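Enquirer: Right, I'll just put the structure down here and ask away after.
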Amino acid sequence: MRVLSVLSLILGLATFPSFAQQAADTTAPESASPATAQPDGPVTAKKWMISAANPLAAKAGARILREGGTAADAAIAVQAVLGLVEPQSSGLGGGAFVIYYDAKSGKLTTLDGRETAPMDATPRLFQDDQGEPLKFFEAVVGGRSVGVPGTPKLLEEIYKRWGKTEWKSLFDDAIALSTHGFAVSPRLEKLVAKDAKRLVIDPLASAYFLPGGKPLEVGNILVNPAYTESLTALATGGSAAFYTGDIAAAIVEKIRGAVDNPGVMRKADLATYEVKEREPVCVPYRGNDICGMGPPSSGALTVGQILGMLAPFDLAALGPDDPASWQLIGDASRLAFADRGRYMADSDYVPLPVKGLVDPAYLATRSALLQPGLRLEEAKPGTPKWDHAGLLADDEAIELPSTSHFSIIDQFGNALSMTTTIENGFGSRLMVAGFLLNNELTDFSFRSHRNGVPIANRVEPGKRPRSSMSPTIVMKDGKPSFLIGSPGGSRIITYVAKTIIAKIDWGMNVQQAIALPHVVNRFGTFDLEKGTKAESMATELEAMGYKTKVRDLNSGLHGIVVSEDGLEGGADPRREGVVIGE
C-alpha cells in the first residue's frame with residue numbers, strides 16, 4: 001500500500017522556476033506515512049484508490065475498499081468521518097452531489113442531494129423591511145439560512161443503488177473516532193480561531209469548538225458523544241432516523257428557536273425531502289467527454305462552457321508559463337460566469353437552456369470573442385438557443401468557499417466523484433445532535449427581481465439554491481479516465497477547469513495538475529495565488545489591461561487518473577488531504 005499525505009500550506013512558498021516545474025519538483029518516499037509525506041508526483045496503485053481531504057477519512061474509506069466494498073460503500077464511511085474531523089466543511093447537516101460510474105452497466109449517474117428551501121420560505125427571505133438585501137453574515141448566522149439537509153438521504157440512496165458492505169459497518173470508523181476522540185488538526189485549529197466570534201452565538205457550538213472560552217488547539221483530543229448517537233441512529237435506523245423522530249425535532253427546534261435570526265423550517269420539510277437523479281451534463285473536449293452535475297449545480301455547465309470555448313485554441317503550444325494561456329482561460333471563464341449569472345438555477349423551478357448553453361455552435365460564437373493577448377472588454381451573457389421562452393435578470397448571489405471533495409475507484413472499476421458541503425465555513429454556526437447545520441440558503445440571490453425582471457436563482461419554497469460544486473468524471477472511449485473536484489465557492493469551477501487543462505493540454509500528471517498555481521478570473525479581475533509563481537503573471541496581465549489581486553486560493557482538489565498501467569492519485573497540497581491505494 002502507498003500513501004501520500006499533503007499538509008496545508010506546503011505548496012512551496014519560496015522560489016519557483018516555472019509553473020510546470022513547481023508542480024513537478026516534489027518528492028515522497030515510497031512508503032510515506034500520512035504524518036511525514038511531502039507533495040509528490042502521483043501515488044500509484046493497481047486495484048483501488050481513494051483521494052480525500054483528511055487522512056482519517058481516507059483511512060476509513062480505504063478499509064472498506066480493502067475489505068471488498070464498493071466506491072459507494074467507501075463514500076459513506078468517508079463522509080461520516082469528514083463530518084467529524086472537518087465539521088466546518090461538510091456533514092450530516094449539509095448536502096452533496098455525486099457522479100457515479102457503474103462498471104457493470106457502463107452507466108453514469110448523477111444524484112442531487114442539494115439542500116432545499118423550507119416550504120414557508122419566500123423570495124424576500126433575505127431582505128429587510130424595505131426590500132433591500134441583508135448583508136451576508138446578517139443572513140448566514142442563525143436559523144434563517146438553513147436549508148433542509150440532503151446528505152443523509154444521499155448516502156442511503158447511493159447505498160441502495162451500489163452498496164455491498166453491511167450498512168451498519170460503514171459507520172464504525174466514525175463512531176470509534178467520535179467516541180474515543182481524534183486529534184485536532186492544524187487546519188481545524190486555524191479555522192476555529194478565525195471564526196470564534198461567530199461560533200459563540202450557539203451554546204452547543206461554543207462549548208464544542210471553544211471549550212472554556214478558548215479555541216481548540218492542534219493536538220487537543222476531541223470527542224463528540226452526540227455525533228456518536230446520531231451515527232448510531234443512522235446505522236440502525238437508516239435515514240428515517242434523521243428525517244423523523246428526535247433528530248428532526250432537534251433540528252427544527254434549533255432553527256426556529258435561534259434567538260437573533262430564527263428560521264422557518266418545519267418537521268414536514270425534513271420528512272418530505274427527496275434525493276433526485278439528474279441527467280449528467282457531458283461536454284466534449286479534445287477527444288474526452290467532461291461529465292458532471294447539471295442544475296441546480298452550475299458546475300458541469302460552466303466548466304463545460306469554459307472548455308468548449310477554449311477548444312479552438314492551441315493551449316498545448318502556449319503552455320502553462322505563458323500569460324496568454326491564462327488570458328484566454330480567464331476570458332472564457334468570464335463569459336461562462338456571465339451566462340451562469342443570467343440563466344443557471346434549479347431547473348425544476350425556472351426554464352433553463354441546458355442544451356443551448358453547451359451547444360457547439362453557441363460555444364463557437366462565444367469562443368470567437370476571445371483573442372490571444374487581447375483583453376475582452378466586457379463579458380456579457382450570450383443568447384443560447386432555448387427549448388422554451390425565458391426572460392431573466394442577472395444574479396448577485398454570494399458564495400464563499402468551504403466544502404470538501406473526494407474521489408474513489410474500487411477494485412470492480414466503479415468510480416465515484418463527490419463534492420459535499422455545509423456552504424460557508426461552520427455553516428449557520430448552529431450545532432445540533434453533534435453536527436453543524438448548513439447556511440445553504442444564502443446561495444440563493446438575496447434579490448428576487450431586478451428592474452421588475454425575476455432572477456432565476458431567487459428563493460422559492462422547496463427550491464434548491466444554485467451551486468458551483470463540480471464533481472467531475474472525464475470519460476475516454478466510454479470509460480472513466482480522470483476523476484476530479486474541489487471545494488472553493490464559485491472558484492470551484494475554475495479550479496476544476498484548470499486541472500483538466502493541465503492534464504489534457506499540458507500533459508501533467510494528476511499531482512502536478514492539482515498543485516499547479518491558481519490564476520482565476522470570474523468577473524474581470526485576475527486572482528493570483530499568493531506565494532506562488534502565479535504572482536509573476538501580474539505585470540503582463542496588467543499590461544493587457546486587467547486588474548490583478550494576489551490572494552490565498554485555498555482549493556481542495558482530489559483526483560484519480562485511470563491509465564493503462566493502473567491508477568494514479570493526487571491530493572491538494574493546500575489542505576491536509578491524502579491518497580491511499582493498493
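Residue names in the C-alpha cells use chain letters A, B, ... in the order shown, residue numbers from 1 in each chain, and ligand numbers from 1 in the order shown.
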Find the spatial neighbours of A:Pro262, counting only C-alpha atoms, within a cut-off of 8 Å - ignore same-chain residues fewer than 4 positions away - and output them as a ChimeraX atom specification.

Expert: /A:142-144,255-258

Enquirer: Pull the alpha helix (DSSP H) assignments for stretch 65-108 of chain A out of DSSP run on the backbone, and list those residues as a compact mmCIF listing (two decimals) with C-alpha atoms, in the first residue's frame.

Expert:
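After the write, states.txt holds the following:
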# COMPACT_ATOMS: atom_id res chain seq x y z
CA LEU A 65 -12.24 -0.84 -0.19
CA ARG A 66 -9.59 -3.23 1.11
CA ALA A 71 -16.90 3.01 -4.12
CA ALA A 72 -20.40 3.78 -2.80
CA ASP A 73 -19.69 1.91 0.45
CA ALA A 74 -16.41 3.75 0.91
CA ALA A 75 -18.03 7.12 0.25
CA ILE A 76 -20.41 6.61 3.17
CA ALA A 77 -17.52 5.83 5.52
CA VAL A 78 -15.54 8.82 4.23
CA GLN A 79 -18.42 11.27 4.65
CA ALA A 80 -19.22 10.03 8.16
CA VAL A 81 -15.62 10.74 9.24
CA LEU A 82 -15.32 14.05 7.36
CA GLY A 83 -18.36 15.37 9.23
CA LEU A 84 -16.47 14.74 12.45
CA VAL A 85 -12.88 15.77 11.66

Enquirer: Excluding same-chain residues fewer than 2 positions from stretch 176-183 of chain A, what lies within 12 Å of it counting only C-alpha atoms, as a PyMOL selection string?

Expert: chain A and resi 54-57+59-60+77+80-87+169-174+185-189+216-232+434-435

Enquirer: As a ChimeraX atom specification, please: the residues near stretch 237-250 of chain A (cut-off 9 Å, only C-alpha atoms, same-chain neighbours under 2 positions excluded).

Expert: /A:92,149,152-156,167-168,230,232-235,252-255,266-273,432-433

Enquirer: Pick out the closest residue to A:Ala300 from this set: A:Met344, A:Leu370, A:Leu416, A:Val562. Count only C-alpha atoms.

Expert: A:Met344

Enquirer: I need the strand (DSSP E) residues of stretch 98-202 of chain A per DSSP on the backbone, written as a list in words.

Expert: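 Checking each residue of stretch 98-202 of chain A, the strand (DSSP E) ones are Val98, Ile99, Tyr100, Tyr101, Asp102, Lys107, Leu108, Thr109, Thr110, Leu111, Asp112, Gly113, Phe182 and Ala183 of chain A.
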
Enquirer: Write out as a count of residues only which residues come within 12 Å of A:Ala543 when counting only C-alpha atoms, dropping same-chain ones fewer than 6 positions away.

Expert: 7

Enquirer: So which one's closest to A:Leu307, A:Met469, A:Val474, A:Val281, A:Ile290? Using only C-alpha atoms, please.

Expert: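 The shortest atom-to-atom distance to A:Leu307 comes from A:Ile290.
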
Enquirer: Rounded to one decimal in Å, what is the spacing between atom CA of A:Leu483 and atom CA of A:Trp162?

Expert: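 Straight-line distance from atom CA of A:Leu483 to atom CA of A:Trp162 works out to 18.0 Å.
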
Enquirer: What lies within 8 Å of A:Val303 using only C-alpha atoms, ignoring chain neighbours under 2 positions off, as a list in words?

Expert: Gly299, Ala300, Leu301, Gln305, Ile306, Leu307, Ser470, Ile493, Thr494, Val496 and Ala497 of chain A

Enquirer: May I have the selected residues written with N, CA and C atoms, as a PDB file, in the first residue's frame?

Expert:
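Once everything was written out, this is result02.pdb:
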ATOM      1  N   GLY A 299     -21.951  23.737 -12.006  1.00  0.00           N
ATOM      2  CA  GLY A 299     -20.595  23.272 -12.192  1.00  0.00           C
ATOM      3  C   GLY A 299     -20.309  22.704 -13.562  1.00  0.00           C
ATOM      4  N   ALA A 300     -21.023  21.645 -13.948  1.00  0.00           N
ATOM      5  CA  ALA A 300     -20.722  20.980 -15.217  1.00  0.00           C
ATOM      6  C   ALA A 300     -20.990  21.897 -16.397  1.00  0.00           C
ATOM      7  N   LEU A 301     -22.052  22.684 -16.337  1.00  0.00           N
ATOM      8  CA  LEU A 301     -22.350  23.603 -17.434  1.00  0.00           C
ATOM      9  C   LEU A 301     -21.256  24.645 -17.600  1.00  0.00           C
ATOM     10  N   GLN A 305     -18.653  24.966 -20.555  1.00  0.00           N
ATOM     11  CA  GLN A 305     -18.590  26.160 -21.397  1.00  0.00           C
ATOM     12  C   GLN A 305     -17.155  26.677 -21.521  1.00  0.00           C
ATOM     13  N   ILE A 306     -16.444  26.746 -20.412  1.00  0.00           N
ATOM     14  CA  ILE A 306     -15.054  27.240 -20.441  1.00  0.00           C
ATOM     15  C   ILE A 306     -14.227  26.389 -21.393  1.00  0.00           C
ATOM     16  N   LEU A 307     -14.304  25.083 -21.243  1.00  0.00           N
ATOM     17  CA  LEU A 307     -13.509  24.189 -22.079  1.00  0.00           C
ATOM     18  C   LEU A 307     -13.963  24.244 -23.529  1.00  0.00           C
ATOM     19  N   SER A 470     -18.619  20.953  -8.453  1.00  0.00           N
ATOM     20  CA  SER A 470     -18.349  20.397  -9.786  1.00  0.00           C
ATOM     21  C   SER A 470     -17.698  19.017  -9.725  1.00  0.00           C
ATOM     22  N   ILE A 493     -15.298  26.058  -9.940  1.00  0.00           N
ATOM     23  CA  ILE A 493     -15.419  25.866 -11.388  1.00  0.00           C
ATOM     24  C   ILE A 493     -14.082  26.098 -12.073  1.00  0.00           C
ATOM     25  N   THR A 494     -13.410  27.173 -11.716  1.00  0.00           N
ATOM     26  CA  THR A 494     -12.133  27.497 -12.352  1.00  0.00           C
ATOM     27  C   THR A 494     -11.022  26.560 -11.898  1.00  0.00           C
ATOM     28  N   VAL A 496     -11.386  23.373 -11.154  1.00  0.00           N
ATOM     29  CA  VAL A 496     -11.577  22.113 -11.869  1.00  0.00           C
ATOM     30  C   VAL A 496     -11.185  22.264 -13.337  1.00  0.00           C
ATOM     31  N   ALA A 497     -11.612  23.368 -13.969  1.00  0.00           N
ATOM     32  CA  ALA A 497     -11.266  23.588 -15.372  1.00  0.00           C
ATOM     33  C   ALA A 497      -9.751  23.663 -15.558  1.00  0.00           C
TER      34      ALA A 497
END

Enquirer: Neighbours of A:Ala368 within 10 Å (only C-alpha atoms; same-chain residues fewer than 6 positions away dropped), as a ChimeraX atom specification?

Expert: /A:309-310,312

Enquirer: Go through A:Leu318, A:Cys291, A:Leu528, A:Leu437 one by one, measure the shortest atom-to-atom distance of each to A:Thr109 using only C-alpha atoms, and give the residue with the smallest value.

Expert: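 Nearest candidate to A:Thr109 out of A:Leu318, A:Cys291, A:Leu528, A:Leu437: A:Cys291.
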
Enquirer: Find, counting only C-alpha atoms, the residue in A:Gln371, A:Thr70, A:Thr472, A:Ser89 that gets nearest to A:Met418.

Expert: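 Of the candidates, the smallest distance to A:Met418 is held by A:Thr472.
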
Enquirer: For the atom pair atom CA of A:Gly559 and atom CA of A:Asp505, what is the interatomic distance in Å to one decimal place?

Expert: 16.8 Å
